[in-house]
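Chemist: Following this message is one structure expressed as structure tokens.
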Amino acid sequence: MARAIGGSVVAIVVMTLFFGLLYPAVMTGFASVAFPSQAQGSLIKRDGATVGSKLAAQGFTSPKYFHERPSATTPAYNAAATTFANLGPTNPALAKAISENAKAILKLEGPYNPGLTIHDIPVDAVVTSASGIDPDISPAYAALQSHRVAAVRHLPLATVQKLIKQNTDGRWLGFFGEPGVNVLELNLALDKLGGK
Amino acid sequence: MSHGILQIVVFVAILIAAAYPLSRYMKFIYTEDDLFRRGRLRFLGSVERGFYRIVGDRAAREQSWKTYGSTLLVFSFLFVVVLYGIQRLQGHLFLNPQHFPGVASFISLNTAASFLTNTNWQYYAGETTMSFFTQMAGLAVQNFVSAAVGMAVMIAVFRGFTRHSAGTVGNFWRDLYRSLVYILLPIAIIGAAVLIAAGVPQTFHGYAQATTLQGAHQTIARGPVASQIAIKHLGTNGGGFYNSNSAVPFESPGSFGGYFELLLELLIPFASVFLFGRMIGRMRNALAIFAAMFVLFAAGVGVNYVAEQHGSSVLRNSGVNITEGHGQSGGNMADKEVRYGIAETAVFTTGTTMTSTGAVIAGHDAMTPAGGAVPLVNIFLGEIIFGGVGSGMYGIIFIIVLAVFVAGLMVGRTPEYLGKKIEAREVKIAALGALFPGVLILTLTAAAMVTHAGLASIYNPGAHGFTEALYAYTSQAGNNGSAFAGYGATSFSAYMGAIDMLFGRFVPLLAALALGGSLALKRQVPASAGTFRTDGPTFSVLVIGMILLTAGLMVFPALTLGPIVEGLMH
């Protein structure tokens, strides 16, 4: 027993030093040399200032921007405290949240999409993402918003649609997963284009 | 759905193509007495022998199952104390750029038990609670070590079949060291490098500050994430850097992230089945087990995929468009991410819960009654459908022993498996190992249902709330760690969970060692005409039947109170 205790103490110290400090330190060194941008969180800079990360939603409310999916974090789109909404599939609170989100979308997008009904709203637009900072929206939700953004910015719809296409991350290898439109990158591209 | 199914099929083919050769390498690592004595890699041999010297076991002597097990227990007990201490003291330690204070005692206890047992139940929210030092030197170390402990026990149990009239099952330090250094470490390094390239942060800088396009202030959590996430999946641990785990793009970026991390998760559990075949020298026997596991895996993926694509009644009645196609995956997207959609989420959810990983790329609490029942049943079946690294294979051995026993009763012969007679002692141990987790789960869930503190731990109303509690104690007993995450913001659930995880891990683990020790002692009897064949589809069916009989029948009454009621009511 004494031998097992002594051996364990030594093993714990050695393993903690090796796997707990040396291994992450080496990987950090590798990352800072080989992939410095990814290592720091894929931050996006504009005019020298950090405006966010490619990998985190940040919340848009202005009509000139594409909007993201609902978020359950506090406050919304908190990239330092991610969370699910955890509303069960039969929870009345879920039904209420969906109906309120859908109403808000109909009110916002309706004027730019004549004849818009709730049946035209894609599901990802009205339910929370898992991380609370899902950087993507479905191409369907982007298409729905494109009419508003084009109108508010006085841009031809085709121009906006082209930007959506350029800022869509396709399936991995064109095969795995689902395509998503990166909202922050899309909005940055729009700002770059000018227009109000 | 056809594209989704195709994705899943191709993924599984890649997985098997990677796992099969890995099993060959694993056999080499575990069965060579004196690795790297000569040749260009001989420094590895020197380091290994150096390790045995400093732990006071210079010759890495063969141990009986009792010595093996007691060394393992001492090692684990001391490690859990260290892990608890690191969390409590993190406020005074370095690598704490966010200046987090020491973690509360009940959270520290739950988390220490959680990582020691390879559960990685996250009672805490990583990015708002744990310092970089705690994540790296505390939690991620256990990601390696708890996985290696499981693999060591698995090898010891395998030796029960490969050795005859032997009093020993191997040396704990040797099996532990080789699992860590030759198997987990190299794959983790490659995995971490790939994740970094894909966008997972790896830095000691504090959280980033940004001013958003609309002028708001945003804090972006980051840290030494990739090094931890690689082993989190490879070791079937599952405890994330972030609260929302692999749903967070920083932990699992792009559509790539989910599939790559799932590949890491399933690699060793798949390879372990093939390794069993190689070690006993009869691959057909291992393939029969593989087939049984695979059928249950495929069934789980199928049910979850169809249920989630169909969506919940609330979603269908809401009027929004949940139909797949025209630029969306559709289905139940609540607490799911766009880049994964339904297919990738279904295969990940099934994979993470049938192995004991418990990492999530979506919120299980928000899944439909049938979809959410899949992870629950997966875990309840005992984490043996491939299962956790090591623990899955030693767990399935219990089922196999029971299966040959039942088959023996049916044909009226002494049951035997791989030339080893299965007698009363083995059947008793196997019954204990197979049934104990179920008893533990039902007892603790019942306790959580009849106490005020237990009821206060529930988040969602109605039958779904019961499912939350059942899922919590199932997940912790099975050392899975995924959650219906609304559950458990109370100290009551933290203490109950700690008990659940420790007993759920160590009782079956010791039973497995005892079984291995008992089998190693036996002589090998040659197969005769009356020997029940254990290498064909009949045996696969028998194993599936046994899994459903032992664990399945125990969970069914509880399921009727949870997901089944919920599904029928809506």
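Each chain in the structure tokens gets a letter, A, B and so on, in the order shown; residues start at 1 in every chain, and ligands are counted from 1 in the order they appear.
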Please produce, as a Markdown table, a per-residue contact table for chain B versus chain A (criterion: any atom at most 6 Å away, only C-alpha atoms considered), showing the nearest atom pair and its distance in Å to one decimal, sorted by chain then residue number.

Modeler:
| residue | atom | partner | partner_atom | distance |
| --- | --- | --- | --- | --- |
| B:Gln7 | CA | A:Phe176 | CA | 5.9 |
| B:Val55 | CA | A:Gly7 | CA | 3.9 |
| B:Gly56 | CA | A:Gly7 | CA | 5.7 |
| B:Thr71 | CA | A:Ala4 | CA | 5.4 |
| B:Phe75 | CA | A:Ser8 | CA | 4.9 |
| B:Met136 | CA | A:Gly20 | CA | 5.0 |
| B:Ala137 | CA | A:Gly20 | CA | 3.7 |
| B:Val141 | CA | A:Gly20 | CA | 5.3 |
| B:Gly199 | CA | A:Gln38 | CA | 4.6 |
| B:Pro201 | CA | A:Ala39 | CA | 4.2 |
| B:Gln202 | CA | A:Ala39 | CA | 4.6 |
| B:Thr203 | CA | A:Thr28 | CA | 5.7 |
| B:Ala210 | CA | A:Thr50 | CA | 5.0 |
| B:Thr211 | CA | A:Val51 | CA | 4.9 |
| B:Thr212 | CA | A:Val51 | CA | 4.8 |
| B:Thr219 | CA | A:Ala80 | CA | 5.8 |
| B:Ile220 | CA | A:Ala79 | CA | 4.8 |
| B:Ala221 | CA | A:Ala80 | CA | 4.6 |
| B:Ser227 | CA | A:Pro24 | CA | 5.5 |
| B:Asn243 | CA | A:Thr82 | CA | 5.6 |
| B:Ser244 | CA | A:Thr83 | CA | 5.1 |
| B:Ala247 | CA | A:Ser131 | CA | 5.2 |
| B:Val248 | CA | A:Ser131 | CA | 4.9 |
| B:Pro249 | CA | A:Leu55 | CA | 5.5 |
| B:Ser255 | CA | A:Gly177 | CA | 4.8 |
| B:Phe256 | CA | A:Trp172 | CA | 5.6 |
| B:Ser312 | CA | A:Pro89 | CA | 5.8 |
| B:Val314 | CA | A:Ala95 | CA | 5.8 |
| B:Gly319 | CA | A:His119 | CA | 5.5 |
| B:Val320 | CA | A:His119 | CA | 4.8 |
| B:Asn321 | CA | A:Pro122 | CA | 4.9 |
| B:Ile322 | CA | A:Val123 | CA | 5.5 |
| B:Gly327 | CA | A:Ala140 | CA | 4.4 |
| B:Gln328 | CA | A:Ser138 | CA | 5.4 |
| B:Met333 | CA | A:Asp124 | CA | 5.8 |
| B:Ala334 | CA | A:Val127 | CA | 4.9 |
| B:Asp335 | CA | A:Ala130 | CA | 3.8 |
| B:Lys336 | CA | A:Ala130 | CA | 4.6 |
| B:Glu337 | CA | A:Ser129 | CA | 5.4 |
| B:Arg339 | CA | A:Glu178 | CA | 4.9 |
| B:Tyr340 | CA | A:Gly177 | CA | 5.0 |
| B:Gly341 | CA | A:Glu178 | CA | 5.7 |
| B:Glu344 | CA | A:Gly177 | CA | 5.8 |
| B:Ala362 | CA | A:Ala130 | CA | 5.2 |
| B:Gly363 | CA | A:Ala130 | CA | 5.8 |
| B:Asp365 | CA | A:Asn86 | CA | 5.2 |
| B:Ala366 | CA | A:Gly88 | CA | 4.5 |
| B:Thr368 | CA | A:Pro89 | CA | 5.4 |
| B:Gly486 | CA | A:Asn86 | CA | 5.4 |

Chemist: Do you know which residues are at most 12 Å from Val306 (chain B) counting only C-alpha atoms, after dropping those on the same chain fewer than 3 positions away, and could you put them as a PDB file with C-alpha atoms, in the first residue's frame?

Modeler:
ATOM      1  CA  MET B   1     -32.930  13.138 -46.037  1.00  0.00           C
ATOM      2  CA  SER B   2     -31.071  11.122 -48.644  1.00  0.00           C
ATOM      3  CA  GLY B   4     -28.032  13.270 -44.766  1.00  0.00           C
ATOM      4  CA  ILE B   5     -28.055   9.471 -44.802  1.00  0.00           C
ATOM      5  CA  ALA B 299     -30.967   2.141 -34.829  1.00  0.00           C
ATOM      6  CA  GLY B 300     -30.166   5.061 -32.514  1.00  0.00           C
ATOM      7  CA  VAL B 301     -29.018   7.303 -35.346  1.00  0.00           C
ATOM      8  CA  GLY B 302     -32.096   6.419 -37.373  1.00  0.00           C
ATOM      9  CA  VAL B 303     -34.626   7.140 -34.619  1.00  0.00           C
ATOM     10  CA  GLN B 309     -36.380  16.000 -38.825  1.00  0.00           C
ATOM     11  CA  HIS B 310     -40.086  15.473 -38.184  1.00  0.00           C
ATOM     12  CA  GLY B 311     -39.929  18.124 -35.431  1.00  0.00           C
ATOM     13  CA  SER B 312     -41.920  18.580 -32.246  1.00  0.00           C
ATOM     14  CA  GLU B 324     -36.066  20.342 -45.465  1.00  0.00           C
ATOM     15  CA  GLY B 330     -35.517  22.226 -41.429  1.00  0.00           C
ATOM     16  CA  GLY B 331     -36.673  20.015 -38.584  1.00  0.00           C
ATOM     17  CA  ASN B 332     -36.296  20.737 -34.889  1.00  0.00           C
ATOM     18  CA  ILE B 342     -30.203  17.595 -38.397  1.00  0.00           C
ATOM     19  CA  ALA B 343     -28.133  14.746 -39.903  1.00  0.00           C
ATOM     20  CA  THR B 345     -26.439  16.393 -35.071  1.00  0.00           C
ATOM     21  CA  ALA B 346     -28.189  12.999 -35.085  1.00  0.00           C
ATOM     22  CA  VAL B 347     -25.056  10.966 -35.696  1.00  0.00           C
ATOM     23  CA  MET B 367     -34.982  17.436 -28.556  1.00  0.00           C
ATOM     24  CA  THR B 368     -38.314  15.834 -29.375  1.00  0.00           C
ATOM     25  CA  PRO B 369     -39.568  13.103 -26.995  1.00  0.00           C
ATOM     26  CA  ALA B 370     -38.439  10.277 -29.316  1.00  0.00           C
ATOM     27  CA  GLY B 371     -35.247  12.044 -30.378  1.00  0.00           C
ATOM     28  CA  GLY B 372     -34.272  12.825 -26.789  1.00  0.00           C
ATOM     29  CA  VAL B 374     -32.234   7.982 -27.939  1.00  0.00           C
TER      30      VAL B 374
END

Chemist: Take CA of Leu435 (chain B) and CA of Val450 (chain B) and report the distance between them in Å, one decimal.

Modeler: 23.2 Å

Chemist: For region 376-379 of chain B, please output as a PyMOL selection string all residues within 8 Å (counting only C-alpha atoms; exclusion window: fewer than 3 positions along the same chain).

Modeler: chain B and resi 300+350+353-354+356+372-373+382-383+385+471+474-475+478+480+552+555

Chemist: Okay, now the selection with N, CA and C atoms, as a JSON list (two decimals), in the first residue's frame?

Modeler:
[["chain", "number", "residue", "atom", "x", "y", "z"],
["B", 300, "GLY", "N", -30.13, 3.79, -33.25],
["B", 300, "GLY", "CA", -30.17, 5.06, -32.51],
["B", 300, "GLY", "C", -30.10, 6.26, -33.44],
["B", 350, "THR", "N", -25.95, 10.48, -31.17],
["B", 350, "THR", "CA", -25.96, 9.04, -30.91],
["B", 350, "THR", "C", -24.56, 8.57, -30.55],
["B", 353, "THR", "N", -23.35, 9.60, -27.01],
["B", 353, "THR", "CA", -24.02, 9.00, -25.86],
["B", 353, "THR", "C", -23.87, 7.48, -25.82],
["B", 354, "MET", "N", -23.55, 6.86, -26.95],
["B", 354, "MET", "CA", -23.33, 5.42, -26.87],
["B", 354, "MET", "C", -21.88, 5.14, -26.46],
["B", 356, "SER", "N", -19.05, 6.84, -23.94],
["B", 356, "SER", "CA", -19.38, 7.60, -22.73],
["B", 356, "SER", "C", -18.89, 9.02, -22.82],
["B", 372, "GLY", "N", -34.98, 12.70, -28.06],
["B", 372, "GLY", "CA", -34.27, 12.83, -26.79],
["B", 372, "GLY", "C", -34.19, 11.51, -26.04],
["B", 373, "ALA", "N", -35.09, 10.57, -26.34],
["B", 373, "ALA", "CA", -35.03, 9.26, -25.69],
["B", 373, "ALA", "C", -33.85, 8.44, -26.18],
["B", 382, "GLY", "N", -25.83, 1.08, -20.73],
["B", 382, "GLY", "CA", -24.62, 0.78, -20.00],
["B", 382, "GLY", "C", -23.34, 1.23, -20.67],
["B", 383, "GLU", "N", -23.45, 2.10, -21.64],
["B", 383, "GLU", "CA", -22.25, 2.61, -22.32],
["B", 383, "GLU", "C", -21.41, 1.46, -22.84],
["B", 385, "ILE", "N", -22.41, 0.10, -26.10],
["B", 385, "ILE", "CA", -22.53, 0.06, -27.56],
["B", 385, "ILE", "C", -21.31, 0.83, -28.04],
["B", 471, "TYR", "N", -32.44, 11.49, -16.81],
["B", 471, "TYR", "CA", -31.29, 11.63, -17.69],
["B", 471, "TYR", "C", -30.05, 11.99, -16.88],
["B", 474, "THR", "N", -28.81, 8.95, -14.99],
["B", 474, "THR", "CA", -28.37, 7.96, -15.96],
["B", 474, "THR", "C", -27.03, 8.36, -16.54],
["B", 475, "SER", "N", -26.93, 9.62, -16.93],
["B", 475, "SER", "CA", -25.72, 10.11, -17.57],
["B", 475, "SER", "C", -24.53, 10.03, -16.62],
["B", 478, "GLY", "N", -23.58, 6.34, -15.89],
["B", 478, "GLY", "CA", -22.95, 5.76, -17.07],
["B", 478, "GLY", "C", -21.65, 6.46, -17.43],
["B", 480, "ASN", "N", -21.26, 9.30, -18.64],
["B", 480, "ASN", "CA", -21.37, 9.93, -19.95],
["B", 480, "ASN", "C", -21.13, 11.42, -19.83],
["B", 552, "GLY", "N", -32.27, -2.80, -20.76],
["B", 552, "GLY", "CA", -33.47, -2.30, -21.42],
["B", 552, "GLY", "C", -34.72, -2.46, -20.58],
["B", 555, "VAL", "N", -34.92, 0.08, -17.78],
["B", 555, "VAL", "CA", -35.19, 1.48, -18.10],
["B", 555, "VAL", "C", -36.62, 1.67, -18.62]]

Chemist: Residues near Ser493 (chain B), anyone? I mean within 8 Å using only C-alpha atoms, not counting same-chain ones fewer than 5 positions away, as a PyMOL selection string.

Modeler: chain B and resi 454+457+488

Chemist: Give me, as number ranges by chain, all polymer residues having an atom no more than 7 Å from region 107-110 of chain A, counting only C-alpha atoms and skipping those fewer than 4 positions away in the same chain.

Modeler: A: 103, 114, 116, 145, 148

Chemist: So how far away is CA of Asn120 (chain B) from CA of Lys232 (chain B), in Å?

Modeler: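 Distance reported for this atom pair: 9.0 Å.
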